[in-house]
>>> print(open('model.pdb').read())   # PDB, C-alpha atoms and all ligand atoms
ATOM      1  CA  MET U   1     -24.598   1.578   3.180
ATOM      2  CA  SER U   2     -23.272   5.119   3.381
ATOM      3  CA  ASN U   3     -22.040   4.665   6.959
ATOM      4  CA  VAL U   4     -19.365   2.230   5.842
ATOM      5  CA  GLU U   5     -18.067   4.613   3.206
ATOM      6  CA  LYS U   6     -18.001   7.485   5.682
ATOM      7  CA  ASN U   7     -15.986   5.532   8.219
ATOM      8  CA  ALA U   8     -13.544   4.340   5.589
ATOM      9  CA  SER U   9     -12.820   7.822   4.322
ATOM     10  CA  GLU U  10     -12.419   9.308   7.793
ATOM     11  CA  GLN U  11     -10.068   6.645   9.041
ATOM     12  CA  LYS U  12      -6.539   7.981   9.415
ATOM     13  CA  SER U  13      -3.644   5.776   8.547
ATOM     14  CA  GLY U  14      -0.111   6.238   9.677
ATOM     15  CA  MET U  15       2.294   5.297  12.392
ATOM     16  CA  LYS U  16       3.685   6.659  15.621
ATOM     17  CA  CYS U  17       7.182   8.067  15.571
ATOM     18  CA  PRO U  18       9.407   5.876  17.776
ATOM     19  CA  GLN U  19      11.538   8.880  18.727
ATOM     20  CA  CYS U  20       9.121  11.687  19.621
ATOM     21  CA  GLY U  21       5.822   9.779  19.694
ATOM     22  CA  LYS U  22       4.083  12.071  17.209
ATOM     23  CA  PHE U  23       1.592  10.403  14.918
ATOM     24  CA  ILE U  24       2.908  10.493  11.371
ATOM     25  CA  GLU U  25      -0.076  10.606   9.091
ATOM     26  CA  THR U  26       0.392   8.850   5.801
ATOM     27  CA  SER U  27      -1.804   7.210   3.235
ATOM     28  CA  ILE U  28      -1.956   3.486   2.753
ATOM     29  CA  PHE U  29      -0.697   4.066  -0.776
ATOM     30  CA  GLU U  30       2.372   5.890   0.559
ATOM     31  CA  LEU U  31       3.073   3.151   3.066
ATOM     32  CA  LEU U  32       2.980   0.605   0.277
ATOM     33  CA  THR U  33       5.120   2.535  -2.189
ATOM     34  CA  LEU U  34       7.609   4.647  -0.228
ATOM     35  CA  ASN U  35      10.866   3.289   1.121
ATOM     36  CA  ALA U  36      10.928   5.666   4.041
ATOM     37  CA  LEU U  37       8.784   8.083   6.015
ATOM     38  CA  GLU U  38       9.990  11.262   7.652
ATOM     39  CA  CYS U  39       8.589  12.428  10.947
ATOM     40  CA  PRO U  40       7.262  16.001  10.490
ATOM     41  CA  SER U  41       8.104  16.794  14.100
ATOM     42  CA  CYS U  42      11.667  15.548  14.686
ATOM     43  CA  HIS U  43      12.582  14.674  11.063
ATOM     44  CA  LEU U  44      13.554  11.173  11.967
ATOM     45  CA  ARG U  45      13.671   9.022   8.861
ATOM     46  CA  LEU U  46      11.889   5.735   9.228
ATOM     47  CA  SER U  47      12.786   3.165   6.657
ATOM     48  CA  ILE U  48      10.035   0.746   5.865
ATOM     49  CA  ASP U  49      11.130  -2.832   5.928
ATOM     50  CA  ARG U  50       8.592  -4.545   3.750
ATOM     51  CA  MET U  51       9.826  -8.035   4.392
ATOM     52  CA  LYS U  52       9.685  -7.751   8.159
ATOM     53  CA  SER U  53       6.298  -6.086   8.178
ATOM     54  CA  LYS U  54       4.780  -8.156   5.398
ATOM     55  CA  PRO U  55       1.723  -9.289   7.419
ATOM     56  CA  ALA U  56       0.972  -5.650   8.228
ATOM     57  CA  PHE U  57       1.309  -4.651   4.587
ATOM     58  CA  ASP U  58      -0.848  -7.542   3.485
ATOM     59  CA  ALA U  59      -3.520  -6.276   5.864
ATOM     60  CA  LEU U  60      -3.137  -2.722   4.545
ATOM     61  CA  ARG U  61      -3.359  -3.968   0.982
ATOM     62  CA  LYS U  62      -6.617  -5.726   1.800
ATOM     63  CA  VAL U  63      -8.028  -2.521   3.271
ATOM     64  CA  GLN U  64      -6.984  -0.599   0.184
ATOM     65  CA  GLN U  65      -8.512  -3.184  -2.118
ATOM     66  CA  ALA U  66     -11.745  -3.129  -0.151
ATOM     67  CA  GLN U  67     -11.891   0.661  -0.501
ATOM     68  CA  GLN U  68     -11.222   0.431  -4.229
ATOM     69  CA  ASN U  69     -13.898  -2.201  -4.651
ATOM     70  CA  LEU U  70     -16.309   0.015  -2.774
ATOM     71  CA  GLU U  71     -15.501   2.968  -5.035
ATOM     72  CA  GLU U  72     -15.829   0.895  -8.177
ATOM     73  CA  LYS U  73     -19.089  -0.551  -6.969
ATOM     74  CA  SER U  74     -20.601   2.859  -6.220
ATOM     75  CA  LYS U  75     -19.372   4.110  -9.596
ATOM     76  CA  TYR U  76     -20.990   1.116 -11.273
ATOM     77  CA  ASP U  77     -24.245   1.659  -9.393
ATOM     78  CA  ARG U  78     -24.323   5.261 -10.547
ATOM     79  CA  GLU U  79     -23.662   4.323 -14.173
ATOM     80  CA  LYS U  80     -26.455   1.798 -14.147
ATOM     81  CA  ARG U  81     -29.010   4.452 -13.350
TER      82      ARG U  81
HETATM   83 ZN    ZN Z   1       9.419  12.153  15.497
END
>>> encode(input="model.pdb", output="structure tokens", more="lines below")
Ligand SMILES: [Zn+2]
Amino acid sequence: MSNVEKNASEQKSGMKCPQCGKFIETSIFELLTLNALECPSCHLRLSIDRMKSKPAFDALRKVQQAQQNLEEKSKYDREKR
């Protein structure tokens, strides 16, 4: 139903800066593709170690896939009509 879609689109993804504690907002896509994030507050560069955080990235990938499936499904439903 529409509630699920609303929650998914409003959910913020990102991580907390280990140096200044500011929440660094980033998209799931960026987390999966970038090698590093930069904190907008203290400009600390955080390198993303994909091997170490593989379970986390697997979980993120699942979320992203679920969102894509949802979008494709709603697109398909619209085309059917
Ligand atoms: Zn910071």
>>> resolve_selection(input="model.pdb", expression="the PyMOL selection byres (((not hetatm)) within 9 of (chain Z and resi 1))", output="PyMOL selection string")
chain U and resi 16-24+38-45
>>> residues_around(input="model.pdb", residues="Leu34 (chain U)", least_positions_apart="6", cutoff="12 Å", atoms="all atoms listed in the file", output="tab-separated table (two decimals) with C-alpha atoms, keeping the file's coordinate frame")
chain	number	residue	atom	x	y	z
U	26	THR	CA	0.39	8.85	5.80
U	27	SER	CA	-1.80	7.21	3.24
U	28	ILE	CA	-1.96	3.49	2.75
U	45	ARG	CA	13.67	9.02	8.86
U	46	LEU	CA	11.89	5.74	9.23
U	47	SER	CA	12.79	3.16	6.66
U	48	ILE	CA	10.04	0.75	5.86
U	49	ASP	CA	11.13	-2.83	5.93
U	50	ARG	CA	8.59	-4.54	3.75
>>> atom_distance(input="model.pdb", atom1="CA of Phe57 (chain U)", atom2="CA of Ser13 (chain U)")
12.2 Å
>>> atom_distance(input="model.pdb", atom1="CA of Val63 (chain U)", atom2="CA of Glu79 (chain U)")
24.4 Å
>>> atom_distance(input="model.pdb", atom1="CA of Arg61 (chain U)", atom2="CA of Phe29 (chain U)")
8.6 Å
>>> closest_residue(input="model.pdb", among="U:Tyr76, U:Glu25, U:Leu31, U:Met15", to="Gln64 (chain U)", atoms="all atoms listed in the file")
U:Leu31
>>> build_atoms(input="model.pdb", residues="region 58-73 of chain U", atoms="N, CA and C atoms", output="PDB file, in the coordinates of the input")
ATOM      1  N   ASP U  58       0.217  -6.746   4.087  1.00  0.00           N
ATOM      2  CA  ASP U  58      -0.848  -7.542   3.485  1.00  0.00           C
ATOM      3  C   ASP U  58      -2.203  -7.059   3.985  1.00  0.00           C
ATOM      4  N   ALA U  59      -2.269  -6.768   5.281  1.00  0.00           N
ATOM      5  CA  ALA U  59      -3.520  -6.276   5.864  1.00  0.00           C
ATOM      6  C   ALA U  59      -3.893  -4.921   5.269  1.00  0.00           C
ATOM      7  N   LEU U  60      -2.889  -4.043   5.129  1.00  0.00           N
ATOM      8  CA  LEU U  60      -3.137  -2.722   4.545  1.00  0.00           C
ATOM      9  C   LEU U  60      -3.615  -2.854   3.107  1.00  0.00           C
ATOM     10  N   ARG U  61      -2.997  -3.775   2.379  1.00  0.00           N
ATOM     11  CA  ARG U  61      -3.359  -3.968   0.982  1.00  0.00           C
ATOM     12  C   ARG U  61      -4.821  -4.409   0.872  1.00  0.00           C
ATOM     13  N   LYS U  62      -5.224  -5.263   1.801  1.00  0.00           N
ATOM     14  CA  LYS U  62      -6.617  -5.726   1.800  1.00  0.00           C
ATOM     15  C   LYS U  62      -7.566  -4.560   2.047  1.00  0.00           C
ATOM     16  N   VAL U  63      -7.200  -3.698   2.987  1.00  0.00           N
ATOM     17  CA  VAL U  63      -8.028  -2.521   3.271  1.00  0.00           C
ATOM     18  C   VAL U  63      -8.146  -1.650   2.033  1.00  0.00           C
ATOM     19  N   GLN U  64      -6.997  -1.445   1.373  1.00  0.00           N
ATOM     20  CA  GLN U  64      -6.984  -0.599   0.184  1.00  0.00           C
ATOM     21  C   GLN U  64      -7.840  -1.213  -0.922  1.00  0.00           C
ATOM     22  N   GLN U  65      -7.719  -2.516  -1.089  1.00  0.00           N
ATOM     23  CA  GLN U  65      -8.512  -3.184  -2.118  1.00  0.00           C
ATOM     24  C   GLN U  65      -9.998  -3.074  -1.811  1.00  0.00           C
ATOM     25  N   ALA U  66     -10.337  -3.227  -0.541  1.00  0.00           N
ATOM     26  CA  ALA U  66     -11.745  -3.129  -0.151  1.00  0.00           C
ATOM     27  C   ALA U  66     -12.286  -1.737  -0.463  1.00  0.00           C
ATOM     28  N   GLN U  67     -11.461  -0.710  -0.203  1.00  0.00           N
ATOM     29  CA  GLN U  67     -11.891   0.661  -0.501  1.00  0.00           C
ATOM     30  C   GLN U  67     -12.049   0.869  -1.998  1.00  0.00           C
ATOM     31  N   GLN U  68     -11.123   0.302  -2.774  1.00  0.00           N
ATOM     32  CA  GLN U  68     -11.222   0.431  -4.229  1.00  0.00           C
ATOM     33  C   GLN U  68     -12.460  -0.273  -4.748  1.00  0.00           C
ATOM     34  N   ASN U  69     -12.701  -1.462  -4.230  1.00  0.00           N
ATOM     35  CA  ASN U  69     -13.898  -2.201  -4.651  1.00  0.00           C
ATOM     36  C   ASN U  69     -15.159  -1.402  -4.361  1.00  0.00           C
ATOM     37  N   LEU U  70     -15.158  -0.784  -3.177  1.00  0.00           N
ATOM     38  CA  LEU U  70     -16.309   0.015  -2.774  1.00  0.00           C
ATOM     39  C   LEU U  70     -16.509   1.174  -3.740  1.00  0.00           C
ATOM     40  N   GLU U  71     -15.403   1.843  -4.102  1.00  0.00           N
ATOM     41  CA  GLU U  71     -15.501   2.968  -5.035  1.00  0.00           C
ATOM     42  C   GLU U  71     -15.979   2.504  -6.404  1.00  0.00           C
ATOM     43  N   GLU U  72     -15.419   1.392  -6.873  1.00  0.00           N
ATOM     44  CA  GLU U  72     -15.829   0.895  -8.177  1.00  0.00           C
ATOM     45  C   GLU U  72     -17.287   0.483  -8.177  1.00  0.00           C
ATOM     46  N   LYS U  73     -17.713  -0.101  -7.062  1.00  0.00           N
ATOM     47  CA  LYS U  73     -19.089  -0.551  -6.969  1.00  0.00           C
ATOM     48  C   LYS U  73     -20.051   0.643  -7.003  1.00  0.00           C
TER      49      LYS U  73
END
